[in-house]
Amino acid sequence: MNHREIAREWGGLLETLFQAQAGVLEAAVAACVGALSSGRKILAFGNGGSAAEAQHFTAELVNRFGRPRPALRAVTLSADTSVLTSIGNDVSFEAVFSRQIEALGDAGDVALALSTSGKSPNVLAALNAAREKRLVTIGLTGRDGAAMALYCDHLLSVASAATPRVQEIHLFLLHHLADEIERRIFP
């Protein structure tokens, strides 16, 4: 696939997302703004590339996205290797995020889950734990991620099964979320 074909595909995916899920995106932004404005936090998580994107997003919130402003409360659940490996070793890999939701999540916080497949057992377990604790749940997934819908208040699904395209659109969505959060909390 050459760069023009990728750009065309990327543009089509964004257009489809914004046409079909504009209301979901707005609801996700509003949930994040509401939580952060009331002193709550965002707990972001995912595996592999999704873990990196979750970490990138929380860095934008804790530090800044576009301009200097006060820090916002956000934590990446895939960033603490000691916690991850102890839970993975002593309990199970499936519990690496749900156990942290149990420890760190409070009602009204946001659990932001990324999974290109939407089928990652540890992501689904964490979303389930978040629902039980009354966190607002937001999911970012790919075309085949319907399993996440059972656990998400707001599910943004990229209409592709190609992991690179899904992750590229997820990064765009995370930048959009960070920009809107910053703009609405600090006008």
# chains A, B, ... in the order shown; residues from 1 in each chain; ligands from 1

call {"tool": "residues_around", "arguments": {"residues": "Thr116 of chain A", "least_positions_apart": "6", "cutoff": "10 Å", "atoms": "only C-alpha atoms", "output": "ChimeraX atom specification"}}
result
/A:46-47,49-50,139-145,157-158,160-167,170

call {"tool": "write_last_selection", "arguments": {"atoms": "C-alpha atoms", "output": "PDB file, in the first residue's frame"}}
result
ATOM      1  CA  GLY A  46      -4.158  -1.208  27.203  1.00  0.00           C
ATOM      2  CA  ASN A  47      -1.626  -3.774  25.974  1.00  0.00           C
ATOM      3  CA  GLY A  49       0.896  -0.349  21.340  1.00  0.00           C
ATOM      4  CA  SER A  50      -2.330   0.505  23.140  1.00  0.00           C
ATOM      5  CA  GLY A 139     -13.440   2.175  25.197  1.00  0.00           C
ATOM      6  CA  LEU A 140     -11.431   2.635  22.022  1.00  0.00           C
ATOM      7  CA  THR A 141     -11.365  -0.400  19.757  1.00  0.00           C
ATOM      8  CA  GLY A 142     -11.353  -1.637  16.178  1.00  0.00           C
ATOM      9  CA  ARG A 143     -14.059  -3.039  13.962  1.00  0.00           C
ATOM     10  CA  ASP A 144     -14.215  -6.391  15.758  1.00  0.00           C
ATOM     11  CA  GLY A 145     -14.345  -4.953  19.292  1.00  0.00           C
ATOM     12  CA  SER A 157     -14.936   1.811  17.321  1.00  0.00           C
ATOM     13  CA  VAL A 158     -12.677   2.344  14.306  1.00  0.00           C
ATOM     14  CA  SER A 160     -11.017  -1.372  10.458  1.00  0.00           C
ATOM     15  CA  ALA A 161      -9.463  -4.681  11.451  1.00  0.00           C
ATOM     16  CA  ALA A 162      -5.950  -3.481  10.518  1.00  0.00           C
ATOM     17  CA  THR A 163      -4.089  -2.907  13.781  1.00  0.00           C
ATOM     18  CA  PRO A 164      -1.870  -0.080  12.413  1.00  0.00           C
ATOM     19  CA  ARG A 165      -4.879   1.892  11.104  1.00  0.00           C
ATOM     20  CA  VAL A 166      -6.834   1.357  14.334  1.00  0.00           C
ATOM     21  CA  GLN A 167      -3.901   2.542  16.463  1.00  0.00           C
ATOM     22  CA  HIS A 170      -6.842   5.925  18.325  1.00  0.00           C
TER      23      HIS A 170
END

call {"tool": "select_by_dssp", "arguments": {"residues": "segment 3-183 of chain A", "states": "strand (DSSP E)", "output": "PyMOL selection string"}}
result
chain A and resi 42-45+74-76+110-115+136-141+154-157

call {"tool": "atom_distance", "arguments": {"atom1": "atom CA of Leu135 of chain A", "atom2": "atom CA of Ala74 of chain A"}}
result
13.8 Å

call {"tool": "residues_around", "arguments": {"residues": "Ala52 of chain A", "least_positions_apart": "3", "cutoff": "10 Å", "atoms": "only C-alpha atoms", "output": "list of chain:residue names"}}
result
A:Phe45, A:Gly46, A:Asn47, A:Gly48, A:Gly49, A:Gln55, A:His56, A:Phe57, A:Thr76, A:Ser78, A:Ala79, A:Leu171

call {"tool": "write_last_selection", "arguments": {"atoms": "N, CA and C atoms", "output": "PDB file, in the first residue's frame"}}
result
ATOM      1  N   PHE A  45      -5.510   2.476  30.118  1.00  0.00           N
ATOM      2  CA  PHE A  45      -4.789   1.208  30.040  1.00  0.00           C
ATOM      3  C   PHE A  45      -5.026   0.508  28.711  1.00  0.00           C
ATOM      4  N   GLY A  46      -4.100  -0.378  28.401  1.00  0.00           N
ATOM      5  CA  GLY A  46      -4.158  -1.208  27.203  1.00  0.00           C
ATOM      6  C   GLY A  46      -2.888  -2.037  27.139  1.00  0.00           C
ATOM      7  N   ASN A  47      -2.787  -2.897  26.148  1.00  0.00           N
ATOM      8  CA  ASN A  47      -1.626  -3.774  25.974  1.00  0.00           C
ATOM      9  C   ASN A  47      -0.803  -3.344  24.757  1.00  0.00           C
ATOM     10  N   GLY A  48       0.496  -3.567  24.825  1.00  0.00           N
ATOM     11  CA  GLY A  48       1.355  -3.317  23.670  1.00  0.00           C
ATOM     12  C   GLY A  48       1.305  -1.883  23.191  1.00  0.00           C
ATOM     13  N   GLY A  49       0.998  -1.691  21.898  1.00  0.00           N
ATOM     14  CA  GLY A  49       0.896  -0.349  21.340  1.00  0.00           C
ATOM     15  C   GLY A  49      -0.188   0.462  22.015  1.00  0.00           C
ATOM     16  N   GLN A  55      -0.274   5.691  27.762  1.00  0.00           N
ATOM     17  CA  GLN A  55       0.760   6.449  28.465  1.00  0.00           C
ATOM     18  C   GLN A  55       0.951   7.822  27.813  1.00  0.00           C
ATOM     19  N   HIS A  56       0.937   7.865  26.493  1.00  0.00           N
ATOM     20  CA  HIS A  56       1.056   9.128  25.765  1.00  0.00           C
ATOM     21  C   HIS A  56      -0.083  10.072  26.173  1.00  0.00           C
ATOM     22  N   PHE A  57      -1.314   9.535  26.225  1.00  0.00           N
ATOM     23  CA  PHE A  57      -2.478  10.341  26.573  1.00  0.00           C
ATOM     24  C   PHE A  57      -2.373  10.909  27.986  1.00  0.00           C
ATOM     25  N   THR A  76      -1.582   5.964  34.048  1.00  0.00           N
ATOM     26  CA  THR A  76      -1.552   4.853  33.101  1.00  0.00           C
ATOM     27  C   THR A  76      -1.322   3.567  33.878  1.00  0.00           C
ATOM     28  N   SER A  78      -0.616   0.658  32.810  1.00  0.00           N
ATOM     29  CA  SER A  78       0.386  -0.242  32.239  1.00  0.00           C
ATOM     30  C   SER A  78       1.815   0.260  32.464  1.00  0.00           C
ATOM     31  N   ALA A  79       1.989   1.334  33.217  1.00  0.00           N
ATOM     32  CA  ALA A  79       3.304   1.953  33.338  1.00  0.00           C
ATOM     33  C   ALA A  79       4.145   1.480  34.523  1.00  0.00           C
ATOM     34  N   LEU A 171      -4.782   7.212  18.253  1.00  0.00           N
ATOM     35  CA  LEU A 171      -3.917   8.322  18.655  1.00  0.00           C
ATOM     36  C   LEU A 171      -4.552   9.657  18.286  1.00  0.00           C
TER      37      LEU A 171
END

call {"tool": "closest_atom_pairs", "arguments": {"of": "segment 69-126 of chain A", "to": "segment 14-34 of chain A", "cutoff": "9 Å", "atoms": "only C-alpha atoms", "output": "CSV"}}
result
residue,atom,partner,partner_atom,distance
A:Gly108,CA,A:Gly34,CA,8.8
A:Asp109,CA,A:Cys32,CA,8.4
A:Val110,CA,A:Cys32,CA,6.6

call {"tool": "write_last_selection", "arguments": {"atoms": "C-alpha atoms", "output": "mmCIF file, in the first residue's frame"}}
result
data_model
loop_
_atom_site.group_PDB
_atom_site.id
_atom_site.type_symbol
_atom_site.label_atom_id
_atom_site.label_comp_id
_atom_site.auth_asym_id
_atom_site.auth_seq_id
_atom_site.Cartn_x
_atom_site.Cartn_y
_atom_site.Cartn_z
ATOM 1 C CA GLY A 108 -16.936 9.085 39.138
ATOM 2 C CA ASP A 109 -13.431 8.460 37.803
ATOM 3 C CA VAL A 110 -13.000 7.536 34.143
#

call {"tool": "residues_around", "arguments": {"residues": "segment 81-89 of chain A", "least_positions_apart": "2", "cutoff": "12 Å", "atoms": "only C-alpha atoms", "output": "ChimeraX atom specification"}}
result
/A:45,47,76-79,91-100,103,122

call {"tool": "select_by_dssp", "arguments": {"residues": "segment 4-163 of chain A", "states": "helix (DSSP H, G or I)", "output": "PyMOL selection string"}}
result
chain A and resi 4-37+49-62+81-90+93-95+98-104+121-132+146-150+163

call {"tool": "closest_residue", "arguments": {"among": "A:Asn2, A:Ala44, A:Gly11, A:Phe186", "to": "Val123 of chain A", "atoms": "only C-alpha atoms"}}
result
A:Ala44

call {"tool": "closest_residue", "arguments": {"among": "A:Ala149, A:Leu43, A:Val75, A:Ile169", "to": "Ala7 of chain A", "atoms": "only C-alpha atoms"}}
result
A:Ile169

call {"tool": "atom_distance", "arguments": {"atom1": "atom CA of Tyr151 of chain A", "atom2": "atom CA of Ile185 of chain A"}}
result
27.1 Å

call {"tool": "closest_residue", "arguments": {"among": "A:Met148, A:His154, A:Asp80, A:Lys41", "to": "Leu61 of chain A", "atoms": "only C-alpha atoms"}}
result
A:Lys41

call {"tool": "closest_residue", "arguments": {"among": "A:Glu168, A:Arg134, A:Gly118, A:Phe65", "to": "Ala146 of chain A", "atoms": "only C-alpha atoms"}}
result
A:Gly118

call {"tool": "atom_distance", "arguments": {"atom1": "atom CA of Pro187 of chain A", "atom2": "atom CA of His175 of chain A"}}
result
17.1 Å

call {"tool": "residues_around", "arguments": {"residues": "Ala130 of chain A", "least_positions_apart": "4", "cutoff": "8 Å", "atoms": "only C-alpha atoms", "output": "tab-separated table (two decimals) with C-alpha atoms, in the first residue's frame"}}
result
chain	number	residue	atom	x	y	z
A	98	SER	CA	-8.60	-4.87	37.22
A	101	ILE	CA	-8.88	-0.38	39.22
A	102	GLU	CA	-9.79	-1.99	42.53
A	105	GLY	CA	-10.53	3.70	41.03
A	111	ALA	CA	-11.58	4.19	33.02
A	126	ALA	CA	-10.70	-4.10	34.10
A	134	ARG	CA	-19.19	2.97	39.23
A	135	LEU	CA	-16.44	4.49	37.12
A	136	VAL	CA	-17.40	5.96	33.77
A	137	THR	CA	-16.06	3.55	31.14

call {"tool": "closest_residue", "arguments": {"among": "A:Glu132, A:Pro121, A:Glu9, A:Phe172", "to": "Asp106 of chain A", "atoms": "only C-alpha atoms"}}
result
A:Glu132
